[in-house]
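Q: File start_5.cif below, mmCIF, C-alpha atoms:
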data_structure
#
loop_
_atom_site.label_atom_id
_atom_site.label_comp_id
_atom_site.auth_asym_id
_atom_site.auth_seq_id
_atom_site.Cartn_x
_atom_site.Cartn_y
_atom_site.Cartn_z
CA MET W 20 113.57 142.30 106.83
CA LEU W 21 112.18 139.18 105.21
CA SER W 22 111.30 139.23 101.55
CA LEU W 23 108.14 137.17 101.20
CA ASN W 24 105.45 136.60 98.59
CA TYR W 25 102.74 137.59 101.07
CA SER W 26 102.53 140.12 103.90
CA THR W 27 104.70 139.07 106.81
CA TYR W 28 102.08 139.20 109.55
CA ASP W 29 99.56 137.25 107.49
CA VAL W 30 102.19 134.59 106.80
CA LEU W 31 103.03 134.45 110.49
CA VAL W 32 99.38 134.01 111.47
CA MET W 33 98.98 131.11 109.04
CA LEU W 34 102.26 129.58 110.16
CA ARG W 35 101.19 129.82 113.78
CA LYS W 36 97.95 128.03 112.98
CA ASP W 37 99.52 125.27 110.88
CA ASN W 38 102.85 124.75 112.59
CA GLY W 39 102.28 125.75 116.20
CA SER W 40 105.92 126.65 116.78
CA VAL W 41 106.58 129.71 118.95
CA ASN W 42 110.10 130.09 117.61
CA PRO W 43 110.12 129.58 113.83
CA THR W 44 113.40 130.15 112.03
CA THR W 45 113.76 132.55 109.14
CA ALA W 46 114.21 129.59 106.83
CA GLN W 47 110.99 128.01 108.09
CA ILE W 48 109.06 131.21 107.52
CA GLN W 49 110.46 131.59 104.02
CA GLN W 50 109.76 127.96 103.21
CA PHE W 51 106.20 128.25 104.50
CA ASP W 52 105.66 131.39 102.42
CA SER W 53 107.03 129.60 99.38
CA ASP W 54 104.73 126.61 100.01
CA LEU W 55 101.74 128.93 100.30
CA PHE W 56 102.65 130.52 96.98
CA ASP W 57 103.07 127.20 95.17
CA ALA W 58 99.83 125.76 96.50
CA ASN W 59 97.53 128.76 96.30
CA ASP W 60 98.72 131.66 94.18
CA ASP W 61 97.45 130.68 90.74
CA THR W 62 93.99 129.89 92.10
CA LEU W 63 94.10 133.04 94.25
CA VAL W 64 94.95 135.32 91.33
CA GLN W 65 92.33 133.75 89.07
CA ILE W 66 89.43 133.94 91.52
CA MET W 67 90.36 137.38 92.86
CA GLY W 68 90.29 138.60 89.26
CA GLU W 69 86.85 137.08 88.74
CA GLU W 70 85.62 138.73 91.93
CA GLY W 71 87.04 142.14 90.90
CA ILE W 72 89.76 142.40 93.55
CA ASP W 73 93.08 143.99 92.71
CA THR W 74 95.75 141.29 93.03
CA ARG W 75 98.16 143.42 95.02
CA LYS W 76 100.35 141.67 97.57
CA ASP W 77 98.42 142.96 100.58
CA ASN W 78 95.04 142.01 99.10
CA LYS W 79 96.27 138.55 98.16
CA SER W 80 97.64 138.06 101.64
CA THR W 81 94.40 139.06 103.31
CA VAL W 82 92.25 136.89 101.04
CA LEU W 83 94.61 133.96 101.51
CA LEU W 84 94.39 134.37 105.27
CA TYR W 85 90.58 134.47 105.12
CA SER W 86 90.57 131.37 102.94
CA ARG W 87 92.19 129.32 105.71
CA PHE W 88 88.81 129.38 107.45
CA GLY W 89 85.53 128.01 106.11
CA GLY W 90 84.59 124.89 104.23
CA GLY W 91 84.92 123.41 100.78
CA ASN W 92 87.91 122.85 98.56
CA LEU W 93 90.59 125.43 97.86
CA SER W 94 88.68 127.24 95.10
CA GLN W 95 85.51 127.37 97.16
CA ARG W 96 87.33 128.71 100.19
CA ILE W 97 89.10 131.37 98.13
CA ARG W 98 85.83 132.36 96.44
CA SER W 99 84.18 132.68 99.81
CA ALA W 100 87.15 134.62 101.18
CA CYS W 101 86.94 137.07 98.26
CA ARG W 102 83.29 137.74 99.06
CA TYR W 103 84.12 138.24 102.71
CA PHE W 104 86.92 140.60 101.66
CA ASN W 105 84.61 142.63 99.41
CA ASN W 106 81.85 142.78 102.02
CA THR W 107 84.15 143.94 104.80
CA THR W 108 86.42 146.37 102.98
CA GLY W 109 86.03 149.81 104.51
CA VAL W 110 84.45 148.58 107.72
CA MET T 21 104.09 83.95 97.99
CA LEU T 22 101.28 85.81 99.69
CA ARG T 23 103.71 87.57 101.95
CA LYS T 24 105.75 88.70 98.95
CA LEU T 25 102.66 89.94 97.18
CA ALA T 26 101.54 91.72 100.30
CA HIS T 27 104.75 93.59 100.94
CA ARG T 28 105.83 94.51 97.44
CA PRO T 29 103.34 97.36 97.01
CA MET T 30 104.22 98.75 100.44
CA MET T 31 107.92 98.83 99.65
CA GLN T 32 107.20 100.50 96.33
CA LEU T 33 105.04 103.07 98.04
CA LEU T 34 107.72 103.87 100.59
CA ALA T 35 110.39 104.02 97.89
CA VAL T 36 108.32 106.46 95.84
CA GLY T 37 107.62 108.53 98.93
CA LEU T 38 111.25 108.77 99.95
CA ALA T 39 112.40 109.41 96.40
CA LEU T 40 109.96 112.26 95.99
CA ALA T 41 110.81 113.68 99.37
CA ALA T 42 114.58 113.62 98.95
CA PRO T 43 116.72 115.19 96.22
CA ALA T 44 119.89 113.46 95.00
CA SER T 45 122.61 115.25 96.94
CA ILE T 46 121.80 115.65 100.60
CA ASN T 47 123.72 115.22 103.79
CA ALA T 48 122.76 113.18 106.84
CA GLN T 49 121.22 116.12 108.67
CA THR T 50 119.06 116.94 105.67
CA ILE T 51 117.93 113.32 105.46
CA PHE T 52 116.95 113.47 109.13
CA GLU T 53 115.03 116.67 108.49
CA ARG T 54 113.29 115.11 105.49
CA LEU T 55 112.27 112.03 107.48
CA ARG T 56 110.75 114.13 110.24
CA PRO T 57 106.96 113.77 109.99
CA SER T 58 105.06 116.66 108.46
CA TRP T 59 102.12 115.91 110.71
CA ILE T 60 101.23 113.68 113.65
CA PHE T 61 97.65 112.87 114.72
CA GLU T 62 96.14 115.31 112.25
CA ARG T 63 93.31 114.67 109.86
CA HIS T 64 94.30 114.89 106.22
CA ALA T 65 91.94 114.05 103.39
CA TYR T 66 93.99 111.39 101.62
CA TYR T 67 91.69 108.74 100.18
CA ASP T 68 88.75 109.15 102.56
CA PRO T 69 86.47 106.09 102.33
CA LEU T 70 83.46 106.29 100.05
CA SER T 71 80.18 106.70 101.91
CA ALA T 72 79.00 103.44 100.32
CA GLU T 73 82.04 101.39 101.33
CA PRO T 74 80.29 98.64 103.34
CA ARG T 75 82.92 97.96 106.01
CA ALA T 76 84.66 101.33 106.17
CA ALA T 77 85.85 102.58 109.54
CA ALA T 78 83.16 105.24 109.87
CA MET T 79 80.17 106.31 111.95
CA LYS T 80 76.95 105.14 110.25
CA ILE T 81 73.46 104.33 111.39
CA LEU T 82 70.89 102.60 109.20
CA PHE T 83 67.48 102.85 110.85
CA PRO T 84 64.77 101.98 110.16
CA ALA T 85 65.72 99.32 107.66
CA ARG T 86 64.32 96.10 106.21
CA SER T 87 66.43 93.02 105.79
CA SER T 88 66.11 89.57 104.27
CA SER T 89 65.84 86.80 106.81
CA VAL T 90 69.20 85.19 107.60
CA PRO T 91 70.09 81.47 107.85
CA PHE T 92 68.98 79.92 111.17
CA ALA T 93 66.63 82.77 112.01
CA GLN T 94 63.76 81.74 114.24
CA HIS T 95 61.03 82.90 111.89
CA PRO T 96 60.90 83.31 108.10
CA GLY T 97 60.35 86.56 106.25
CA GLN T 98 61.83 90.03 106.24
CA SER T 99 62.54 91.84 109.46
CA THR T 100 63.03 95.38 110.61
CA VAL T 101 66.65 95.90 111.60
CA TRP T 102 69.15 98.51 112.47
CA ASP T 103 72.64 98.33 111.13
CA ILE T 104 75.34 100.25 112.95
CA SER T 105 78.97 100.96 112.12
CA VAL T 106 81.17 102.65 114.68
CA GLY T 107 84.75 103.41 113.79
CA ASP T 108 87.33 105.75 112.47
CA GLU T 109 90.51 105.85 110.47
CA ILE T 110 92.80 107.31 113.12
CA PRO T 111 95.61 109.32 111.49
CA LEU T 112 98.98 108.54 113.05
CA VAL T 113 101.77 110.19 111.11
CA GLY T 114 102.44 111.54 107.65
CA TRP T 115 104.93 113.13 105.33
CA THR T 116 104.15 115.66 102.67
CA ALA T 117 105.70 118.61 100.93
CA GLY T 118 104.17 122.04 100.53
CA ASP T 119 101.19 123.68 102.13
CA LYS T 120 99.38 121.22 104.43
CA PRO T 121 96.51 122.74 106.41
CA GLU T 122 94.77 120.16 108.58
CA GLY T 123 91.74 118.47 107.07
CA GLU T 124 92.79 119.17 103.50
CA PRO T 125 94.19 116.95 100.75
CA THR T 126 97.69 117.46 99.35
CA ALA T 127 98.51 120.71 97.57
CA GLN T 128 98.78 120.79 93.81
CA LYS T 129 101.83 119.00 92.38
CA LYS T 130 102.73 117.71 95.83
CA PHE T 131 102.95 114.18 97.18
CA GLY T 132 101.80 113.07 100.60
CA ILE T 133 101.94 109.75 102.39
CA GLY T 134 100.76 108.74 105.84
CA ILE T 135 99.92 105.89 108.18
CA TRP T 136 96.46 105.38 109.67
CA PHE T 137 94.99 102.97 112.21
CA PRO T 138 91.53 101.93 111.04
CA LEU T 139 89.32 100.49 113.78
CA SER T 140 85.64 99.69 113.39
CA PHE T 141 82.72 97.67 114.73
CA HIS T 142 79.70 96.64 112.67
CA MET T 143 76.50 95.35 114.21
CA ILE T 144 73.11 94.35 112.83
CA GLU T 145 70.12 93.65 115.06
CA ASP T 146 66.74 92.13 114.27
CA MET T 147 64.19 94.42 115.92
CA SER T 148 60.95 92.83 114.86
CA LYS T 149 60.87 89.18 113.94
CA ASP T 150 62.59 86.86 116.40
CA ASP T 151 62.34 86.55 120.18
CA SER T 152 64.22 89.06 122.36
CA LYS T 153 65.22 91.18 119.35
CA PRO T 154 68.52 89.37 118.81
CA ILE T 155 71.72 90.92 117.61
CA LEU T 156 72.37 88.90 114.47
CA ASP T 157 76.05 89.55 114.04
CA THR T 158 78.87 91.80 115.18
CA ASP T 159 82.09 92.18 113.19
CA TYR T 160 85.15 94.14 114.11
CA ARG T 161 88.13 95.20 112.08
CA PHE T 162 91.46 96.79 112.77
CA GLY T 163 94.78 97.07 110.99
CA VAL T 164 97.40 99.35 109.55
CA MET T 165 96.67 101.53 106.56
CA ILE T 166 99.05 103.49 104.34
CA LYS T 167 97.53 106.19 102.17
CA ALA T 168 99.31 108.24 99.55
CA GLN T 169 98.09 111.13 97.43
CA TRP T 170 99.29 113.34 94.63
CA GLY T 171 97.72 116.70 93.91
CA LEU T 172 97.22 117.23 90.19
CA PRO T 173 97.88 120.74 88.82
CA SER T 174 95.16 123.06 90.06
CA GLU T 175 93.29 123.48 86.77
CA TRP T 176 94.24 120.15 85.22
CA LEU T 177 92.02 119.45 82.18
CA HIS T 178 89.38 121.95 83.34
CA THR T 179 89.02 120.23 86.71
CA HIS T 180 89.80 121.89 90.04
CA GLN T 181 92.16 120.61 92.73
CA SER T 182 91.96 117.01 91.56
CA HIS T 183 93.89 114.16 93.14
CA ILE T 184 95.03 110.63 92.55
CA GLY T 185 95.73 108.30 95.42
CA LEU T 186 96.62 104.87 96.70
CA ARG T 187 95.46 103.01 99.76
CA TYR T 188 97.41 100.01 100.96
CA VAL T 189 96.51 97.90 103.97
CA PRO T 190 99.51 95.62 104.56
CA ILE T 191 97.80 93.76 107.36
CA ALA T 192 94.38 93.91 108.99
CA HIS T 193 92.14 91.55 110.90
CA GLU T 194 88.42 90.93 110.77
CA SER T 195 86.66 88.92 113.44
CA THR T 196 82.95 88.10 113.27
CA HIS T 197 80.54 86.96 115.97
CA LEU T 198 76.95 85.77 115.94
CA GLY T 199 74.76 87.38 118.58
CA ASP T 200 74.28 85.33 121.77
CA GLU T 201 70.47 85.58 121.73
CA PHE T 202 70.43 84.64 118.06
CA THR T 203 72.54 81.58 118.93
CA LEU T 204 70.18 80.61 121.76
CA ASN T 205 67.16 80.99 119.50
CA ALA T 206 68.85 78.78 116.90
CA ARG T 207 68.72 75.80 119.29
CA ILE T 208 65.45 74.92 117.57
CA TYR T 209 67.58 73.66 114.66
CA GLY T 210 69.46 71.16 116.87
CA ASN T 211 72.73 69.94 115.40
CA ALA T 212 71.80 71.38 112.01
CA PHE T 213 72.75 74.79 113.40
CA GLU T 214 76.38 75.50 112.59
CA ARG T 215 78.45 78.24 114.04
CA VAL T 216 81.36 79.04 111.73
CA ASN T 217 84.41 80.93 112.91
CA VAL T 218 84.74 83.56 110.19
CA SER T 219 87.93 85.30 111.26
CA TYR T 220 90.91 86.17 109.10
CA GLN T 221 93.70 88.55 108.26
CA TYR T 222 93.83 90.35 104.96
CA TRP T 223 95.67 92.87 102.87
CA GLU T 224 94.07 95.39 100.57
CA LEU T 225 95.21 97.64 97.74
CA GLY T 226 93.14 100.34 96.08
CA GLY T 227 93.55 103.25 93.72
CA SER T 228 91.63 106.50 93.51
CA PHE T 229 91.00 109.26 91.01
CA GLU T 230 89.22 112.31 92.40
CA PRO T 231 88.51 115.09 89.91
CA ASN T 232 86.27 118.06 90.77
CA PHE T 233 84.15 119.73 88.11
CA LEU T 234 82.03 122.84 87.45
CA GLN T 235 82.77 126.26 88.93
CA ASP T 236 85.23 126.01 91.83
CA GLY T 237 85.02 122.24 91.63
CA ARG T 238 81.70 122.11 93.42
CA LEU T 239 80.88 118.82 91.74
CA GLU T 240 83.26 116.55 93.67
CA THR T 241 83.76 113.05 92.30
CA LYS T 242 85.71 110.02 93.44
CA PHE T 243 86.41 106.87 91.44
CA ARG T 244 87.89 103.86 93.17
CA GLY T 245 89.02 100.36 92.39
CA GLY T 246 90.93 97.72 94.29
CA MET T 247 90.99 94.32 95.87
CA ILE T 248 91.03 92.65 99.25
CA HIS T 249 92.93 89.41 99.77
CA GLU T 250 92.90 87.03 102.71
CA ALA T 251 96.42 86.65 104.10
CA PHE T 252 98.64 85.43 106.93
CA HIS T 253 96.17 82.71 107.90
CA SER T 254 98.33 79.66 107.16
CA GLY T 255 96.51 79.19 103.89
CA ILE T 256 93.26 78.50 105.69
CA GLY T 257 91.10 81.16 104.04
CA TRP T 258 88.23 83.28 105.32
CA TYR T 259 87.16 80.88 108.08
CA ASP T 260 88.30 77.85 110.08
CA ALA T 261 87.40 74.30 109.08
CA GLU T 262 86.46 73.38 112.64
CA LEU T 263 83.04 74.57 113.72
CA LEU T 264 82.46 76.42 116.97
CA GLN T 265 79.16 74.60 117.16
CA PRO T 266 78.32 71.71 117.06
CA ALA T 267 81.55 70.54 118.63
CA GLY T 268 83.62 68.36 116.33
CA GLY T 269 81.81 69.48 113.17
CA THR T 270 83.72 70.69 110.15
CA VAL T 271 83.12 72.74 107.01
CA THR T 272 84.98 73.02 103.70
CA LEU T 273 87.65 75.72 103.66
CA SER T 274 87.37 78.59 101.22
CA ASN T 275 89.04 78.49 97.84
CA ARG T 276 88.49 81.96 96.36
CA ASN T 277 90.29 84.24 98.80
CA THR T 278 90.26 87.51 96.91
CA GLU T 279 87.51 90.01 96.19
CA PRO T 280 87.90 92.88 93.71
CA TYR T 281 85.79 95.99 94.09
CA ALA T 282 85.02 99.32 92.46
CA GLY T 283 83.13 102.40 93.56
CA ALA T 284 82.25 105.96 92.77
CA GLU T 285 80.84 108.98 94.56
CA LEU T 286 79.42 112.28 93.34
CA PHE T 287 78.71 115.22 95.62
CA TYR T 288 77.48 118.64 94.60
CA SER T 289 78.70 120.99 97.29
CA PRO T 290 76.32 123.72 98.46
CA ASP T 291 77.33 127.39 98.32
CA PRO T 292 80.41 127.57 100.56
CA ASP T 293 79.35 131.01 101.84
CA ARG T 294 76.16 129.79 103.40
CA GLY T 295 76.49 126.03 103.60
CA GLY T 296 73.37 123.91 103.43
CA LEU T 297 72.44 120.61 101.87
CA GLY T 298 74.25 119.15 98.89
CA PRO T 299 73.06 116.02 97.08
CA PHE T 300 75.32 113.00 96.83
CA LEU T 301 75.30 109.56 95.25
CA SER T 302 77.68 106.88 96.42
CA PHE T 303 78.06 103.46 94.85
CA ASP T 304 80.10 100.39 95.78
CA TYR T 305 80.35 97.14 93.82
CA ARG T 306 82.11 94.03 95.10
CA ASP T 307 82.65 90.71 93.39
CA ARG T 308 81.99 88.75 96.54
CA THR T 309 82.68 85.12 97.32
CA VAL T 310 79.63 83.20 98.50
CA TYR T 311 81.05 81.14 101.35
CA GLY T 312 80.38 77.50 100.51
CA TYR T 313 80.59 75.61 103.77
CA HIS T 314 79.51 72.29 102.34
CA ARG T 315 81.26 71.99 98.99
CA PRO T 316 82.54 68.49 98.14
CA SER T 317 86.17 69.60 98.46
CA ARG T 318 88.23 72.71 98.89
CA ALA T 319 89.16 72.65 95.20
CA THR T 320 85.50 73.08 94.29
CA PRO T 321 85.09 76.78 93.48
CA GLU T 322 82.56 78.83 95.41
CA ARG T 323 79.79 80.75 93.80
CA VAL T 324 80.40 84.45 93.22
CA GLU T 325 77.84 87.22 93.34
CA GLY T 326 78.22 90.86 92.42
CA SER T 327 77.08 92.89 95.42
CA ILE T 328 76.00 96.50 95.23
CA ASN T 329 75.62 99.12 97.92
CA VAL T 330 74.02 102.40 96.86
CA LEU T 331 73.50 105.52 98.95
CA LEU T 332 71.48 108.47 97.67
CA GLY T 333 70.95 111.48 99.87
CA VAL T 334 72.18 114.85 101.04
CA ARG T 335 75.23 116.02 102.93
CA HIS T 336 74.86 118.90 105.34
CA ILE T 337 77.67 121.42 105.17
CA ARG T 338 77.68 124.08 107.86
CA VAL T 339 80.18 126.93 107.73
CA GLY T 340 82.77 126.51 110.46
CA ALA T 341 81.28 123.25 111.76
CA ARG T 342 83.48 120.25 112.48
CA ILE T 343 80.93 117.48 111.91
CA ARG T 344 79.48 116.78 108.46
CA PRO T 345 76.33 114.68 108.68
CA SER T 346 74.85 112.95 105.64
CA TYR T 347 71.33 111.58 105.37
CA TYR T 348 70.45 109.00 102.77
CA LEU T 349 68.46 106.10 101.48
CA ARG T 350 70.51 102.93 101.24
CA TYR T 351 69.98 99.84 99.12
CA TYR T 352 72.20 96.78 99.36
CA HIS T 353 71.84 93.61 97.33
CA GLY T 354 74.15 90.63 97.01
CA VAL T 355 76.08 88.44 99.39
CA ASN T 356 75.14 89.12 103.01
CA PRO T 357 78.16 91.09 104.32
CA ALA T 358 77.73 90.03 107.96
CA GLY T 359 80.03 87.36 109.39
CA GLN T 360 79.15 83.74 108.72
CA PHE T 361 76.03 84.82 106.81
CA ARG T 362 78.34 85.46 103.84
CA SER T 363 77.08 82.07 102.70
CA GLN T 364 73.78 83.79 101.84
CA GLU T 365 73.13 84.98 98.29
CA ASN T 366 70.53 87.48 97.11
CA TYR T 367 70.49 89.18 100.47
CA GLN T 368 68.72 92.51 100.53
CA LEU T 369 68.92 95.42 102.97
CA TYR T 370 67.40 98.86 102.53
CA GLY T 371 66.44 101.75 104.71
CA PHE T 372 67.16 105.26 105.90
CA GLY T 373 70.65 106.05 107.12
CA ALA T 374 72.94 108.70 108.48
CA LEU T 375 76.69 109.09 108.27
CA PHE T 376 78.73 111.40 110.47
CA GLN T 377 82.10 112.58 109.18
CA PHE T 378 84.48 114.35 111.54
#
Rewrite the coordinates I just gave you, this time as structure tokens.
A:
Amino acid sequence: MLSLNYSTYDVLVMLRKDNGSVNPTTAQIQQFDSDLFDANDDTLVQIMGEEGIDTRKDNKSTVLLYSRFGGGNLSQRIRSACRYFNNTTGV
Amino acid sequence: MLRKLAHRPMMQLLAVGLALAAPASINAQTIFERLRPSWIFERHAYYDPLSAEPRAAAMKILFPARSSSVPFAQHPGQSTVWDISVGDEIPLVGWTAGDKPEGEPTAQKKFGIGIWFPLSFHMIEDMSKDDSKPILDTDYRFGVMIKAQWGLPSEWLHTHQSHIGLRYVPIAHESTHLGDEFTLNARIYGNAFERVNVSYQYWELGGSFEPNFLQDGRLETKFRGGMIHEAFHSGIGWYDAELLQPAGGTVTLSNRNTEPYAGAELFYSPDPDRGGLGPFLSFDYRDRTVYGYHRPSRATPERVEGSINVLLGVRHIRVGARIRPSYYLRYYHGVNPAGQFRSQENYQLYGFGALFQF
């Protein structure tokens, strides 16, 4: 079982989109997860807090996945992803 | 000397890139892994050209527009023109560390470097004044471009996802051509009509600082500065001494073969949830050489004129859409940027334009 910063399936979806490989190694998955954390986590935690979302691992993973779609810079995409998250929770 | 000047920045760029990409103790296999490209044929937002950059490899239409009359035009006075640029900076290959989704700049505290192939055509046509609506001039450019970018810490000095960057063009070519109908119309000037072969290679080096302000960095700014230098042309300069027409005629070669420039762009992004129109202002200033074809000698310096290109308009952001159109009013004043007309000072061009970013 991999120990990752974000939920495994969310990481795998993002890796599939960015890398395209059908046979990623464990090291590649861990490295990708680490890269996601370095690039996004501080902004993710800050904006999720401002939008009133608990910064649990599963929430962060879902918002991060949503933020890979949509326009604008990283902060704008995360802000938009938070709103999408809030508006679709419980659907 | 020019060759040394041209290649020194490139070698420094590559050295910095490799040094940042590789730690001290690594084996051969690790080196091979490190040298493997991070992306191939993907768009990455390293040092995208400013909207106001006059000869950028981009898709722009200026129509309708009004232009000063050019030398050897059939009739005097302003004319209605359209000014088209068709081109793209085609991304070839790049190396970067960290998260690298396509279309995005480098991640915070990460370095990226890549190679692009810029290719563009620029055409201006007189649509109102002279017979048969002549194309005045067509220029084309192509070359090799290296762009590098560093992502500043996410919240650096109260900005958001800011970047610094370098753009280095080790070698590129520009070729310019008067329109055939324009040339035929110019027969009324007899042997006074001169057709100059403005065609040269050049290198270019520029730097960029791109901080984003306000909440979520919705106020996106870019500040640029750099220079273009004629190169690899056997010391000839921007154009040949021998005229294309009349046969056997000559002109004085250029002396000032470098042009510094600076620019800035501000864009206030619309709400990313809904998209919409966001205002932008883009500005380019170039210290242009006024080509002096009939100076007493090559040592005689040419005149220089500061040339401005200003775009003010809106950019249309649509959620999930690939194409970003911009609509603007453009005003250009200075040295005519088109081919052999670069001998013309106080040239003016203004009109309504559109830019399509992919």
Q: Go ahead and compute the interatomic distance for atom CA of Pro231 of chain T and atom CA of Gly134 of chain T, in Å to one decimal.
A: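 Atom CA of Gly134 of chain T lies at a distance of 21.1 Å from atom CA of Pro231 of chain T.
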Q: Show me, as a count of residues only, every residue of chain T with an atom at most 6 Å from chain W, counting all atoms listed in the file.
A: 9
Q: Grab the atom CA of Gly257 of chain T to atom CA of Ala78 of chain T distance for me, in Å with one decimal place.
A: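 That distance, rounded to one decimal, is 26.0 Å.
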Q: Written as a PyMOL selection string, which residues does the PyMOL selection byres ((chain T and resi 48-65) around 10) give for the file shown?
A: (chain W and resi 37-38) or (chain T and resi 38+41-43+45-47+66-69+109-118+120-126+132-136+167+169+378)
Q: Ranking T:Thr100, T:Gln235, T:Asn275, T:Asn356 by minimum distance to Glu69 of chain W and counting all atoms listed in the file, which one comes first?
A: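 Among T:Thr100, T:Gln235, T:Asn275, T:Asn356, it is T:Gln235 that comes nearest to Glu69 of chain W.
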Q: At what distance in Å, to one decimal, does atom CA of His142 of chain T lie from atom CA of Leu264 of chain T?
A: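 Atom CA of His142 of chain T lies 20.9 Å from atom CA of Leu264 of chain T.
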Q: Please enumerate the residues selected by the PyMOL selection byres ((chain T and resi 189-197) around 6) when evaluated against the supplied file, formatted as a list in words.
A: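 Written out, the selection comes to Asp157, Thr158, Asp159, Tyr160, Arg161, Phe162, Gly163, Val164, Met165, Tyr188, Leu198, Val218, Ser219, Tyr220, Gln221, Tyr222, Trp223, Glu224 and Gly359 of chain T.
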Q: Selection in question (the file shown): the PyMOL selection byres ((chain T and resi 308) around 7). Which residues does it include, as an mmCIF file with C-alpha atoms, keeping the file's coordinate frame?
A:
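Now in out_36.cif:
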data_model
loop_
_atom_site.group_PDB
_atom_site.id
_atom_site.type_symbol
_atom_site.label_atom_id
_atom_site.label_comp_id
_atom_site.auth_asym_id
_atom_site.auth_seq_id
_atom_site.Cartn_x
_atom_site.Cartn_y
_atom_site.Cartn_z
ATOM 1 C CA GLU T 279 87.510 90.010 96.190
ATOM 2 C CA ARG T 306 82.110 94.030 95.100
ATOM 3 C CA ASP T 307 82.650 90.710 93.390
ATOM 4 C CA THR T 309 82.680 85.120 97.320
ATOM 5 C CA VAL T 310 79.630 83.200 98.500
ATOM 6 C CA VAL T 324 80.400 84.450 93.220
ATOM 7 C CA GLU T 325 77.840 87.220 93.340
ATOM 8 C CA GLY T 326 78.220 90.860 92.420
ATOM 9 C CA SER T 327 77.080 92.890 95.420
ATOM 10 C CA VAL T 355 76.080 88.440 99.390
#
Q: Name the residues within 12 Å of (95.0, 80.0, 108.7), counting all atoms listed in the file in the file's coordinates, and put them as a CSV table (one decimal) with C-alpha atoms, in the coordinates of the input.
A:
chain,number,residue,atom,x,y,z
T,217,ASN,CA,84.4,80.9,112.9
T,218,VAL,CA,84.7,83.6,110.2
T,219,SER,CA,87.9,85.3,111.3
T,220,TYR,CA,90.9,86.2,109.1
T,221,GLN,CA,93.7,88.6,108.3
T,222,TYR,CA,93.8,90.4,105.0
T,250,GLU,CA,92.9,87.0,102.7
T,251,ALA,CA,96.4,86.6,104.1
T,252,PHE,CA,98.6,85.4,106.9
T,253,HIS,CA,96.2,82.7,107.9
T,254,SER,CA,98.3,79.7,107.2
T,255,GLY,CA,96.5,79.2,103.9
T,256,ILE,CA,93.3,78.5,105.7
T,257,GLY,CA,91.1,81.2,104.0
T,258,TRP,CA,88.2,83.3,105.3
T,259,TYR,CA,87.2,80.9,108.1
T,260,ASP,CA,88.3,77.8,110.1
T,261,ALA,CA,87.4,74.3,109.1
T,262,GLU,CA,86.5,73.4,112.6
T,273,LEU,CA,87.6,75.7,103.7
T,274,SER,CA,87.4,78.6,101.2
T,277,ASN,CA,90.3,84.2,98.8
Q: Which one is closest to Gly185 of chain T: T:Glu240, T:Glu230, T:Asp146, T:Glu73? Count only C-alpha atoms.
A: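 Once distances to Gly185 of chain T are computed over only C-alpha atoms, the minimum belongs to T:Glu230.
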Q: Closest to Cys101 of chain W among T:Gly269, T:Pro74, T:Gly237, T:Pro292, using all atoms listed in the file?
A: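 Counting all atoms listed in the file, the residue closest to Cys101 of chain W is T:Pro292.
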Q: Please return as number ranges by chain every residue within 6 Å of (84.9, 103.5, 93.5), taking into account all atoms listed in the file and the file's own coordinates.
A: T: 243-245, 282-284
Q: May I ask which of the residues W:Arg35, W:Asn42, W:Asp29, W:Met20 is the closest one to Asn78 of chain W, counting all atoms listed in the file?
A: W:Asp29
Q: Pick the closest to Met247 of chain T from T:Gly295, T:Pro280, T:Gly227, T:Gly210: which is it, counting only C-alpha atoms?
A: T:Pro280
